[in-house]
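Below is query_26.cif, holding mmCIF, C-alpha atoms and all ligand atoms.
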```cif
data_protein
#
loop_
_atom_site.label_atom_id
_atom_site.label_comp_id
_atom_site.auth_asym_id
_atom_site.auth_seq_id
_atom_site.Cartn_x
_atom_site.Cartn_y
_atom_site.Cartn_z
CA MET A 185 117.08 123.49 146.69
CA ASN A 186 119.61 123.21 143.90
CA ARG A 187 119.38 119.82 142.29
CA PRO A 188 122.56 117.73 142.10
CA VAL A 189 124.10 117.67 138.63
CA PHE A 190 125.66 114.50 137.18
CA ARG A 191 127.28 114.11 133.79
CA PHE A 192 128.40 111.41 131.41
CA ALA A 193 131.28 112.70 129.29
CA PRO A 194 132.45 110.29 126.60
CA SER A 195 135.15 111.02 124.01
CA PRO A 196 134.00 110.30 120.44
CA ASN A 197 137.05 108.35 119.37
CA GLY A 198 135.36 104.96 119.06
CA TYR A 199 132.05 103.20 119.62
CA LEU A 200 130.71 102.99 123.16
CA HIS A 201 131.17 99.61 124.80
CA LEU A 202 129.77 97.88 127.89
CA GLY A 203 132.04 99.92 130.16
CA HIS A 204 130.58 103.17 128.86
CA ALA A 205 127.08 101.75 129.18
CA TYR A 206 127.81 100.93 132.83
CA SER A 207 129.13 104.43 133.52
CA ALA A 208 126.20 106.10 131.77
CA LEU A 209 123.60 103.89 133.49
CA LEU A 210 125.26 104.43 136.88
CA ASN A 211 125.21 108.21 136.40
CA ALA A 212 121.55 108.01 135.41
CA ALA A 213 120.66 105.81 138.40
CA MET A 214 122.52 108.04 140.87
CA ALA A 215 121.03 111.19 139.36
CA SER A 216 117.56 109.73 139.57
CA ALA A 217 118.05 108.54 143.19
CA ALA A 218 119.24 112.03 144.13
CA GLN A 219 116.48 113.72 142.12
CA GLY A 220 119.30 115.27 140.18
CA ARG A 221 119.92 116.27 136.59
CA LEU A 222 121.88 114.27 134.02
CA LEU A 223 124.02 116.00 131.41
CA LEU A 224 125.77 114.49 128.43
CA ARG A 225 129.00 116.13 127.31
CA ILE A 226 131.00 115.32 124.20
CA GLU A 227 134.73 115.50 125.00
CA ASP A 228 136.20 115.96 121.56
CA THR A 229 139.17 118.23 122.19
CA ASP A 230 141.53 115.59 120.80
CA GLU A 231 140.96 116.52 117.19
CA SER A 232 143.29 113.85 115.90
CA ARG A 233 141.09 111.06 117.29
CA SER A 234 137.54 112.46 117.43
CA ARG A 235 135.15 111.67 114.57
CA PRO A 236 131.66 113.08 113.89
CA HIS A 237 130.19 109.64 113.21
CA PHE A 238 131.24 108.54 116.69
CA VAL A 239 129.38 111.53 118.14
CA GLN A 240 126.26 110.44 116.27
CA ALA A 241 126.76 106.87 117.49
CA ILE A 242 126.96 108.09 121.12
CA PHE A 243 123.52 109.70 120.80
CA GLU A 244 122.06 106.62 119.12
CA ASP A 245 123.55 104.08 121.53
CA LEU A 246 122.56 105.98 124.66
CA ALA A 247 119.02 106.56 123.39
CA TRP A 248 118.79 102.86 122.53
CA LEU A 249 119.81 102.06 126.12
CA GLY A 250 116.83 104.11 127.23
CA LEU A 251 118.77 107.08 128.60
CA ALA A 252 117.61 110.67 128.48
CA TRP A 253 119.75 113.76 129.00
CA GLU A 254 119.33 117.50 128.96
CA GLU A 255 119.69 119.51 125.76
CA PRO A 256 121.70 121.25 124.49
CA VAL A 257 124.61 118.86 124.77
CA ARG A 258 127.90 120.64 125.39
CA VAL A 259 130.44 119.80 122.70
CA GLN A 260 133.92 120.76 123.88
CA SER A 261 135.35 121.60 120.46
CA GLU A 262 132.87 124.50 120.31
CA HIS A 263 134.29 126.04 123.48
CA PHE A 264 138.05 126.31 123.07
CA SER A 265 137.87 129.98 124.04
CA ASP A 266 136.60 129.03 127.52
CA TYR A 267 139.59 126.74 128.04
CA GLU A 268 141.97 129.35 126.68
CA ALA A 269 140.59 131.92 129.12
CA ASN A 270 141.36 129.62 132.04
CA LEU A 271 144.81 128.84 130.66
CA ALA A 272 145.47 132.59 130.46
CA ARG A 273 144.38 133.00 134.09
CA LEU A 274 146.66 130.19 135.20
CA TRP A 275 149.57 131.65 133.27
CA ARG A 276 149.02 135.08 134.83
CA MET A 277 149.33 133.50 138.25
CA ASP A 278 152.49 131.60 137.15
CA ALA A 279 150.83 128.26 137.86
CA ILE A 280 151.46 127.02 134.29
CA TYR A 281 153.98 127.74 131.58
CA PRO A 282 154.04 127.20 127.82
CA CYS A 283 156.12 124.23 126.71
CA PHE A 284 157.65 124.26 123.24
CA CYS A 285 159.35 120.88 123.48
CA SER A 286 158.53 118.25 120.89
CA ARG A 287 157.64 114.86 122.34
CA LYS A 288 161.08 113.64 121.35
CA LYS A 289 162.86 116.52 123.05
CA ALA A 290 160.75 116.20 126.20
CA LEU A 291 161.62 112.50 126.37
CA ALA A 292 165.32 113.15 125.80
CA HIS A 293 165.40 115.52 128.78
CA ALA A 294 162.93 113.63 130.96
CA LEU A 295 163.52 112.72 134.59
CA ALA A 296 164.03 109.11 135.62
CA SER A 297 160.77 109.12 137.64
CA ARG A 298 157.39 108.34 136.07
CA ASP A 299 153.79 109.54 136.35
CA PRO A 300 150.72 107.33 137.06
CA ASP A 301 150.34 106.71 133.31
CA GLY A 302 153.88 105.33 133.22
CA GLN A 303 155.26 108.33 131.32
CA PRO A 304 158.57 109.84 132.45
CA HIS A 305 158.24 113.15 134.31
CA TYR A 306 159.04 116.22 132.25
CA GLY A 307 162.53 117.54 132.94
CA GLY A 308 161.50 121.18 133.15
CA THR A 309 163.34 122.61 130.12
CA CYS A 310 160.69 125.25 129.37
CA ARG A 311 159.99 126.05 133.04
CA THR A 312 162.97 128.39 133.11
CA LEU A 313 162.13 130.42 129.99
CA SER A 314 161.65 134.07 130.85
CA PRO A 315 158.06 135.33 130.41
CA GLY A 316 159.34 137.70 127.70
CA GLU A 317 160.94 134.93 125.70
CA ALA A 318 157.89 132.69 126.12
CA GLU A 319 155.59 135.46 124.93
CA GLN A 320 157.80 136.19 121.96
CA ARG A 321 157.80 132.55 120.90
CA ILE A 322 154.01 132.33 121.25
CA SER A 323 153.44 135.46 119.18
CA ARG A 324 155.77 134.19 116.47
CA GLY A 325 153.53 131.13 116.25
CA ASP A 326 155.71 128.45 117.84
CA VAL A 327 153.72 125.31 118.58
CA HIS A 328 153.28 124.85 122.32
CA GLY A 329 151.32 123.10 125.02
CA TRP A 330 150.82 124.14 128.64
CA ARG A 331 152.34 122.47 131.68
CA ILE A 332 151.52 122.92 135.30
CA ASP A 333 154.48 124.13 137.37
CA MET A 334 154.42 121.51 140.09
CA THR A 335 157.48 123.04 141.76
CA ARG A 336 155.29 126.03 142.62
CA ALA A 337 151.97 124.28 143.10
CA ALA A 338 153.26 122.46 146.20
CA ASP A 339 150.38 120.05 146.01
CA ALA A 340 151.18 116.85 147.84
CA GLU A 341 148.68 114.68 145.97
CA ALA A 342 149.11 115.95 142.43
CA THR A 343 152.88 115.99 142.55
CA VAL A 344 152.96 112.38 141.28
CA TRP A 345 152.26 113.89 137.85
CA GLY A 346 155.29 116.18 137.76
CA ASP A 347 154.88 119.15 135.40
CA ALA A 348 151.87 117.55 133.69
CA MET A 349 150.71 118.77 130.30
CA ILE A 350 147.26 120.23 130.93
CA ALA A 351 146.74 121.46 127.38
CA LYS A 352 148.32 119.79 124.43
CA ARG A 353 150.45 120.90 121.54
CA HIS A 354 148.67 121.21 118.19
CA VAL A 355 145.22 121.56 119.77
CA GLY A 356 143.66 124.48 121.52
CA SER A 357 143.07 122.51 124.62
CA SER A 358 143.12 119.12 126.17
CA TYR A 359 141.39 116.92 128.65
CA HIS A 360 142.53 118.27 132.03
CA ILE A 361 141.81 121.96 131.53
CA ALA A 362 138.65 121.26 129.52
CA VAL A 363 137.10 118.85 132.01
CA VAL A 364 137.73 121.15 134.97
CA THR A 365 136.45 124.21 133.11
CA ASP A 366 133.27 122.47 131.93
CA ASP A 367 132.41 120.74 135.20
CA ALA A 368 132.46 124.18 136.82
CA LEU A 369 130.64 126.01 134.01
CA GLN A 370 127.92 123.38 133.94
CA GLY A 371 127.52 123.34 137.72
CA VAL A 372 128.41 119.65 137.96
CA THR A 373 128.20 118.55 141.59
CA HIS A 374 128.89 114.81 141.17
CA VAL A 375 131.52 113.30 138.92
CA VAL A 376 130.93 109.57 138.50
CA ARG A 377 133.52 107.95 136.24
CA GLY A 378 135.74 104.91 135.87
CA MET A 379 138.63 104.03 138.16
CA ASP A 380 140.99 104.42 135.22
CA ILE A 381 140.63 108.19 135.60
CA GLU A 382 141.02 108.26 139.38
CA PRO A 383 144.77 109.07 139.27
CA ALA A 384 143.98 112.29 137.36
CA THR A 385 141.59 113.55 140.03
CA PRO A 386 144.27 115.19 142.25
CA LEU A 387 145.32 117.17 139.18
CA HIS A 388 141.72 118.25 138.62
CA ARG A 389 141.34 119.26 142.27
CA LEU A 390 144.57 121.27 142.01
CA LEU A 391 143.30 123.12 138.92
CA GLN A 392 140.00 123.81 140.70
CA ARG A 393 141.87 125.20 143.70
CA LEU A 394 144.08 127.43 141.54
CA LEU A 395 141.11 128.71 139.52
CA GLY A 396 138.89 129.15 142.57
CA LEU A 397 136.30 126.69 141.24
CA PRO A 398 134.10 124.45 143.38
CA THR A 399 135.23 120.85 143.69
CA PRO A 400 132.51 118.32 142.83
CA GLN A 401 132.14 115.06 144.70
CA TYR A 402 134.09 112.32 142.97
CA PHE A 403 133.14 108.68 142.73
CA HIS A 404 135.25 106.28 140.67
CA HIS A 405 133.54 103.04 139.78
CA ALA A 406 135.14 99.67 139.07
CA LEU A 407 135.79 98.93 135.41
CA ILE A 408 133.73 96.42 133.51
CA ARG A 409 135.93 93.63 132.23
CA GLY A 410 135.52 91.42 129.20
CA ASP A 411 134.84 87.68 129.50
CA ASP A 412 138.62 87.21 129.38
CA GLY A 413 139.04 89.48 132.42
CA LYS A 414 140.76 92.16 130.35
CA LYS A 415 139.90 95.84 130.41
CA LEU A 416 137.46 96.74 127.64
CA SER A 417 138.74 99.05 124.96
CA LYS A 418 137.26 100.93 122.07
CA SER A 419 139.60 99.02 119.79
CA ILE A 420 137.92 95.69 120.63
CA ALA A 421 134.78 95.80 118.52
CA SER A 422 133.12 92.74 120.05
CA THR A 423 131.87 94.49 123.17
CA SER A 424 130.67 97.64 121.44
CA LEU A 425 127.00 98.31 122.04
CA ARG A 426 126.45 98.33 118.28
CA ALA A 427 127.95 94.86 117.87
CA LEU A 428 125.93 93.48 120.79
CA ARG A 429 122.80 95.07 119.33
CA SER A 430 123.34 93.61 115.88
CA ASP A 431 123.94 90.24 117.54
CA GLY A 432 120.40 90.52 118.85
CA ALA A 433 120.93 91.88 122.38
CA THR A 434 118.19 94.15 123.67
CA ALA A 435 118.73 97.19 125.86
CA GLU A 436 117.05 95.18 128.58
CA ASP A 437 119.71 92.44 128.22
CA ILE A 438 122.51 95.00 128.54
CA ARG A 439 120.97 96.61 131.61
CA ARG A 440 120.49 93.23 133.26
CA ARG A 441 124.01 92.07 132.36
CA LEU A 442 125.38 95.22 134.03
CA GLY A 443 123.22 94.78 137.13
CA PHE A 444 120.69 97.57 136.59
CA ASN A 445 117.45 95.61 136.80
N1 LIG B 501 136.14 111.90 128.30
C1 LIG B 501 136.70 110.96 129.22
C2 LIG B 501 136.70 109.58 128.62
O1 LIG B 501 135.90 109.30 127.75
C3 LIG B 501 135.95 110.91 130.55
C4 LIG B 501 136.12 112.15 131.30
C5 LIG B 501 135.48 112.22 132.67
O2 LIG B 501 134.49 111.51 132.92
O3 LIG B 501 135.93 113.04 133.46
O4 LIG B 501 137.48 108.75 129.03
#
```
Once you've parsed the file, please lay out its structure as structure tokens.
Amino acid sequence: MNRPVFRFAPSPNGYLHLGHAYSALLNAAMASAAQGRLLLRIEDTDESRSRPHFVQAIFEDLAWLGLAWEEPVRVQSEHFSDYEANLARLWRMDAIYPCFCSRKKALAHALASRDPDGQPHYGGTCRTLSPGEAEQRISRGDVHGWRIDMTRAADAEATVWGDAMIAKRHVGSSYHIAVVTDDALQGVTHVVRGMDIEPATPLHRLLQRLLGLPTPQYFHHALIRGDDGKKLSKSIASTSLRALRSDGATAEDIRRRLGFN
């Protein structure tokens, strides 16, 4: 029997907080209950926000919590060519197109409707570029991202995103294409992550369908809130695992506080 594969996939753009601890512990508990495997993946494709010391801190904080994961750990910034290969496949099937618009230009020509993140839908300026012109602009080095052509995808669930950017300008890749590529390459069968990412799941399923990849089972857990009821954020240092640890909390305290004992 193939063992189920779970993964915890933090982005190293801040210190892990209680919400991450909950997600990681939940993945570990579900993997263990299913006699499955647990992977750790570092999602550092956003080069403007990722920092090596946060990667180191992820390893330290998770080990301190008592978690174990398989080695080697996949680090997304080492695999841009895998994401580029899938982007090329999607472009060949006309499911995506390169977008050369600056943020400002995209906003100026945006539609009145908005996506689940509250951003206005892209107006489609670059959707009508001829393949020849698009190729010419790419080979001359014009900065571009990649957008899904939702007018062709005809996907009822993902259409709330409009022509979503699945790979960003200035970086080789971005979250949506990278997460879908890696979950498939790593044989992930169960994606357990916070409810904040749930709206993106139809987009991930659409990319899996287009690329002929298996769709894992998705489970989105409730978010851990601070004592003030607000969503935790990496910018609030007080709930970081490091801060709690230096205030004297033990891993046992954290696990109990999050309901794992
Ligand atoms: N890297 C994402 C984050 O830290 C999570 C991605 C996922 O679990 O699919 O928010």
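When atom CA of A:Tyr267 is paired with atom CA of A:Ala208, their separation reads 24.9 Å.
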Determine the axis-aligned bounding box of all atoms of ligand LIG 501 (chain B) present in the file, pad each side by 4 Å, and express its centre and edge lengths in Å to one decimal place as JSON.
```
{"center_x": 136.0, "center_y": 110.9, "center_z": 130.6, "size_x": 11.0, "size_y": 12.3, "size_z": 13.7}
```
If you measure from atom C1 of ligand LIG 501 (chain B) to atom CA of A:Ala205, what distance in Å do you get, rounded to one decimal? 13.3 Å
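Residue nearest ligand LIG 501 (chain B) within the list A:His388, A:Arg409, A:Arg311, A:Lys415: A:His388 [criterion: smallest interatomic distance, all atoms listed in the file].
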Just to confirm, what's the straight-line distance from atom CA of A:Gly410 to atom CA of A:Thr423 in Å (one decimal)? 7.7 Å
Long-range neighbours of A:Leu428 as an mmCIF file with C-alpha atoms, in the coordinates of the input, 12 Å cut-off, only C-alpha atoms, 2 positions minimum in chain:
```cif
data_model
loop_
_atom_site.group_PDB
_atom_site.id
_atom_site.type_symbol
_atom_site.label_atom_id
_atom_site.label_comp_id
_atom_site.auth_asym_id
_atom_site.auth_seq_id
_atom_site.Cartn_x
_atom_site.Cartn_y
_atom_site.Cartn_z
ATOM 1 C CA TYR A 199 132.050 103.200 119.620
ATOM 2 C CA LEU A 200 130.710 102.990 123.160
ATOM 3 C CA HIS A 201 131.170 99.610 124.800
ATOM 4 C CA LEU A 202 129.770 97.880 127.890
ATOM 5 C CA ALA A 205 127.080 101.750 129.180
ATOM 6 C CA ASP A 245 123.550 104.080 121.530
ATOM 7 C CA TRP A 248 118.790 102.860 122.530
ATOM 8 C CA LEU A 249 119.810 102.060 126.120
ATOM 9 C CA ALA A 421 134.780 95.800 118.520
ATOM 10 C CA SER A 422 133.120 92.740 120.050
ATOM 11 C CA THR A 423 131.870 94.490 123.170
ATOM 12 C CA SER A 424 130.670 97.640 121.440
ATOM 13 C CA LEU A 425 127.000 98.310 122.040
ATOM 14 C CA ARG A 426 126.450 98.330 118.280
ATOM 15 C CA SER A 430 123.340 93.610 115.880
ATOM 16 C CA ASP A 431 123.940 90.240 117.540
ATOM 17 C CA GLY A 432 120.400 90.520 118.850
ATOM 18 C CA ALA A 433 120.930 91.880 122.380
ATOM 19 C CA THR A 434 118.190 94.150 123.670
ATOM 20 C CA ALA A 435 118.730 97.190 125.860
ATOM 21 C CA GLU A 436 117.050 95.180 128.580
ATOM 22 C CA ASP A 437 119.710 92.440 128.220
ATOM 23 C CA ILE A 438 122.510 95.000 128.540
ATOM 24 C CA ARG A 441 124.010 92.070 132.360
#
```
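Distances from A:Ala340, A:Val363, A:Ala252, A:Leu390 to A:Asp266 were compared using all atoms listed in the file, and the smallest one belongs to A:Val363.
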Surroundings of ligand LIG 501 (chain B) up to 9 Å, based on all atoms listed in the file, as a short mmCIF file (atom, residue, chain, number, x, y, z; two decimals) with C-alpha atoms, keeping the file's coordinate frame:
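Dumped to part-v4.cif:
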```cif
data_model
loop_
_atom_site.label_atom_id
_atom_site.label_comp_id
_atom_site.auth_asym_id
_atom_site.auth_seq_id
_atom_site.Cartn_x
_atom_site.Cartn_y
_atom_site.Cartn_z
CA ARG A 191 127.28 114.11 133.79
CA PHE A 192 128.40 111.41 131.41
CA ALA A 193 131.28 112.70 129.29
CA PRO A 194 132.45 110.29 126.60
CA SER A 195 135.15 111.02 124.01
CA PRO A 196 134.00 110.30 120.44
CA ASN A 197 137.05 108.35 119.37
CA HIS A 204 130.58 103.17 128.86
CA SER A 207 129.13 104.43 133.52
CA ARG A 225 129.00 116.13 127.31
CA ILE A 226 131.00 115.32 124.20
CA GLU A 227 134.73 115.50 125.00
CA ASP A 228 136.20 115.96 121.56
CA TYR A 359 141.39 116.92 128.65
CA HIS A 360 142.53 118.27 132.03
CA VAL A 363 137.10 118.85 132.01
CA VAL A 364 137.73 121.15 134.97
CA ASP A 367 132.41 120.74 135.20
CA VAL A 375 131.52 113.30 138.92
CA VAL A 376 130.93 109.57 138.50
CA ARG A 377 133.52 107.95 136.24
CA GLY A 378 135.74 104.91 135.87
CA ASP A 380 140.99 104.42 135.22
CA ILE A 381 140.63 108.19 135.60
CA ALA A 384 143.98 112.29 137.36
CA THR A 385 141.59 113.55 140.03
#
```
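If you measure from each of A:Arg273, A:Arg235, A:Lys352, A:Arg336 to A:Ser286 using all atoms listed in the file, the closest one turns out to be A:Lys352.
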Quick one: everything within 8 Å of A:Leu271, counting all atoms listed in the file, minus sequence neighbours fewer than 2 positions away in the same chain. Send it as a PDB file with C-alpha atoms, in the frame of the given file.
```
ATOM      1  CA  TYR A 267     139.590 126.740 128.040  1.00  0.00           C
ATOM      2  CA  GLU A 268     141.970 129.350 126.680  1.00  0.00           C
ATOM      3  CA  ALA A 269     140.590 131.920 129.120  1.00  0.00           C
ATOM      4  CA  ARG A 273     144.380 133.000 134.090  1.00  0.00           C
ATOM      5  CA  LEU A 274     146.660 130.190 135.200  1.00  0.00           C
ATOM      6  CA  TRP A 275     149.570 131.650 133.270  1.00  0.00           C
ATOM      7  CA  ILE A 280     151.460 127.020 134.290  1.00  0.00           C
ATOM      8  CA  TRP A 330     150.820 124.140 128.640  1.00  0.00           C
ATOM      9  CA  ILE A 361     141.810 121.960 131.530  1.00  0.00           C
TER      10      ILE A 361
END
```
I'd like the contact shell of A:Pro304 - 6 Å cut-off, only C-alpha atoms, skipping same-chain residues fewer than 3 positions apart - returned as a ChimeraX atom specification. /A:294,297-298
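The residue that comes closest to A:Glu317, out of A:Cys283, A:Ala296, A:Val239, A:Val257 and on the basis of only C-alpha atoms, is A:Cys283.
Residue nearest A:Tyr306 within the list A:Ala362, A:Arg321, A:Asn270, A:Val344: A:Val344 [criterion: smallest interatomic distance, all atoms listed in the file].
For the set A:Ser323, A:Gln219, A:Ser234, A:Thr343, the residue with the smallest atom-to-atom gap to A:His305 is A:Thr343, counting all atoms listed in the file.
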Can you take the partial stretch 291-302 of chain A, add all heavy atoms, and return it as a PDB file, in the frame of the given file?
```pdb
ATOM      1  N   LEU A 291     161.169 113.825 125.920  1.00  0.00           N
ATOM      2  CA  LEU A 291     161.620 112.500 126.370  1.00  0.00           C
ATOM      3  C   LEU A 291     163.132 112.479 126.591  1.00  0.00           C
ATOM      4  O   LEU A 291     163.623 111.902 127.557  1.00  0.00           O
ATOM      5  CB  LEU A 291     161.241 111.436 125.334  1.00  0.00           C
ATOM      6  CG  LEU A 291     159.825 110.877 125.469  1.00  0.00           C
ATOM      7  CD1 LEU A 291     159.553 109.859 124.361  1.00  0.00           C
ATOM      8  CD2 LEU A 291     159.621 110.226 126.838  1.00  0.00           C
ATOM      9  N   ALA A 292     163.860 113.147 125.690  1.00  0.00           N
ATOM     10  CA  ALA A 292     165.320 113.150 125.800  1.00  0.00           C
ATOM     11  C   ALA A 292     165.789 113.822 127.084  1.00  0.00           C
ATOM     12  O   ALA A 292     166.822 113.471 127.646  1.00  0.00           O
ATOM     13  CB  ALA A 292     165.914 113.844 124.575  1.00  0.00           C
ATOM     14  N   HIS A 293     165.001 114.789 127.566  1.00  0.00           N
ATOM     15  CA  HIS A 293     165.400 115.520 128.780  1.00  0.00           C
ATOM     16  C   HIS A 293     164.555 115.141 129.987  1.00  0.00           C
ATOM     17  O   HIS A 293     164.511 115.871 130.970  1.00  0.00           O
ATOM     18  CB  HIS A 293     165.315 117.025 128.528  1.00  0.00           C
ATOM     19  CG  HIS A 293     166.239 117.497 127.449  1.00  0.00           C
ATOM     20  ND1 HIS A 293     167.535 117.890 127.687  1.00  0.00           N
ATOM     21  CD2 HIS A 293     166.074 117.594 126.117  1.00  0.00           C
ATOM     22  CE1 HIS A 293     168.109 118.218 126.550  1.00  0.00           C
ATOM     23  NE2 HIS A 293     167.233 118.052 125.574  1.00  0.00           N
ATOM     24  N   ALA A 294     163.852 114.009 129.879  1.00  0.00           N
ATOM     25  CA  ALA A 294     162.930 113.630 130.960  1.00  0.00           C
ATOM     26  C   ALA A 294     163.679 113.207 132.223  1.00  0.00           C
ATOM     27  O   ALA A 294     164.864 112.869 132.177  1.00  0.00           O
ATOM     28  CB  ALA A 294     162.042 112.488 130.478  1.00  0.00           C
ATOM     29  N   LEU A 295     162.954 113.221 133.333  1.00  0.00           N
ATOM     30  CA  LEU A 295     163.520 112.720 134.590  1.00  0.00           C
ATOM     31  C   LEU A 295     163.425 111.189 134.586  1.00  0.00           C
ATOM     32  O   LEU A 295     162.731 110.600 133.760  1.00  0.00           O
ATOM     33  CB  LEU A 295     162.728 113.276 135.776  1.00  0.00           C
ATOM     34  CG  LEU A 295     162.587 114.805 135.861  1.00  0.00           C
ATOM     35  CD1 LEU A 295     161.814 115.193 137.120  1.00  0.00           C
ATOM     36  CD2 LEU A 295     163.968 115.471 135.856  1.00  0.00           C
ATOM     37  N   ALA A 296     164.072 110.569 135.547  1.00  0.00           N
ATOM     38  CA  ALA A 296     164.030 109.110 135.620  1.00  0.00           C
ATOM     39  C   ALA A 296     162.701 108.634 136.214  1.00  0.00           C
ATOM     40  O   ALA A 296     162.259 107.515 135.970  1.00  0.00           O
ATOM     41  CB  ALA A 296     165.188 108.602 136.467  1.00  0.00           C
ATOM     42  N   SER A 297     162.021 109.506 136.975  1.00  0.00           N
ATOM     43  CA  SER A 297     160.770 109.120 137.640  1.00  0.00           C
ATOM     44  C   SER A 297     159.606 109.145 136.647  1.00  0.00           C
ATOM     45  O   SER A 297     159.693 109.773 135.592  1.00  0.00           O
ATOM     46  CB  SER A 297     160.501 110.091 138.789  1.00  0.00           C
ATOM     47  OG  SER A 297     160.652 111.428 138.344  1.00  0.00           O
ATOM     48  N   ARG A 298     158.535 108.454 136.992  1.00  0.00           N
ATOM     49  CA  ARG A 298     157.390 108.340 136.070  1.00  0.00           C
ATOM     50  C   ARG A 298     156.073 108.729 136.717  1.00  0.00           C
ATOM     51  O   ARG A 298     155.912 108.635 137.930  1.00  0.00           O
ATOM     52  CB  ARG A 298     157.283 106.886 135.567  1.00  0.00           C
ATOM     53  CG  ARG A 298     158.357 106.578 134.554  1.00  0.00           C
ATOM     54  CD  ARG A 298     158.424 105.121 134.159  1.00  0.00           C
ATOM     55  NE  ARG A 298     159.586 104.925 133.305  1.00  0.00           N
ATOM     56  CZ  ARG A 298     159.550 104.962 131.976  1.00  0.00           C
ATOM     57  NH1 ARG A 298     158.418 105.158 131.339  1.00  0.00           N
ATOM     58  NH2 ARG A 298     160.651 104.797 131.275  1.00  0.00           N
ATOM     59  N   ASP A 299     155.116 109.146 135.855  1.00  0.00           N
ATOM     60  CA  ASP A 299     153.790 109.540 136.350  1.00  0.00           C
ATOM     61  C   ASP A 299     152.861 108.322 136.398  1.00  0.00           C
ATOM     62  O   ASP A 299     153.252 107.220 136.006  1.00  0.00           O
ATOM     63  CB  ASP A 299     153.227 110.695 135.479  1.00  0.00           C
ATOM     64  CG  ASP A 299     152.799 110.261 134.091  1.00  0.00           C
ATOM     65  OD1 ASP A 299     152.587 109.052 133.861  1.00  0.00           O
ATOM     66  OD2 ASP A 299     152.662 111.141 133.223  1.00  0.00           O
ATOM     67  N   PRO A 300     151.617 108.483 136.927  1.00  0.00           N
ATOM     68  CA  PRO A 300     150.720 107.330 137.060  1.00  0.00           C
ATOM     69  C   PRO A 300     150.371 106.654 135.733  1.00  0.00           C
ATOM     70  O   PRO A 300     149.944 105.499 135.722  1.00  0.00           O
ATOM     71  CB  PRO A 300     149.470 107.920 137.714  1.00  0.00           C
ATOM     72  CG  PRO A 300     149.966 109.125 138.451  1.00  0.00           C
ATOM     73  CD  PRO A 300     151.072 109.672 137.607  1.00  0.00           C
ATOM     74  N   ASP A 301     150.567 107.343 134.605  1.00  0.00           N
ATOM     75  CA  ASP A 301     150.340 106.710 133.310  1.00  0.00           C
ATOM     76  C   ASP A 301     151.583 105.960 132.819  1.00  0.00           C
ATOM     77  O   ASP A 301     151.592 105.410 131.720  1.00  0.00           O
ATOM     78  CB  ASP A 301     149.977 107.760 132.232  1.00  0.00           C
ATOM     79  CG  ASP A 301     148.539 108.233 132.365  1.00  0.00           C
ATOM     80  OD1 ASP A 301     147.750 107.542 133.047  1.00  0.00           O
ATOM     81  OD2 ASP A 301     148.210 109.289 131.780  1.00  0.00           O
ATOM     82  N   GLY A 302     152.653 106.020 133.618  1.00  0.00           N
ATOM     83  CA  GLY A 302     153.880 105.330 133.220  1.00  0.00           C
ATOM     84  C   GLY A 302     154.797 106.167 132.350  1.00  0.00           C
ATOM     85  O   GLY A 302     155.823 105.694 131.867  1.00  0.00           O
TER      86      GLY A 302
END
```
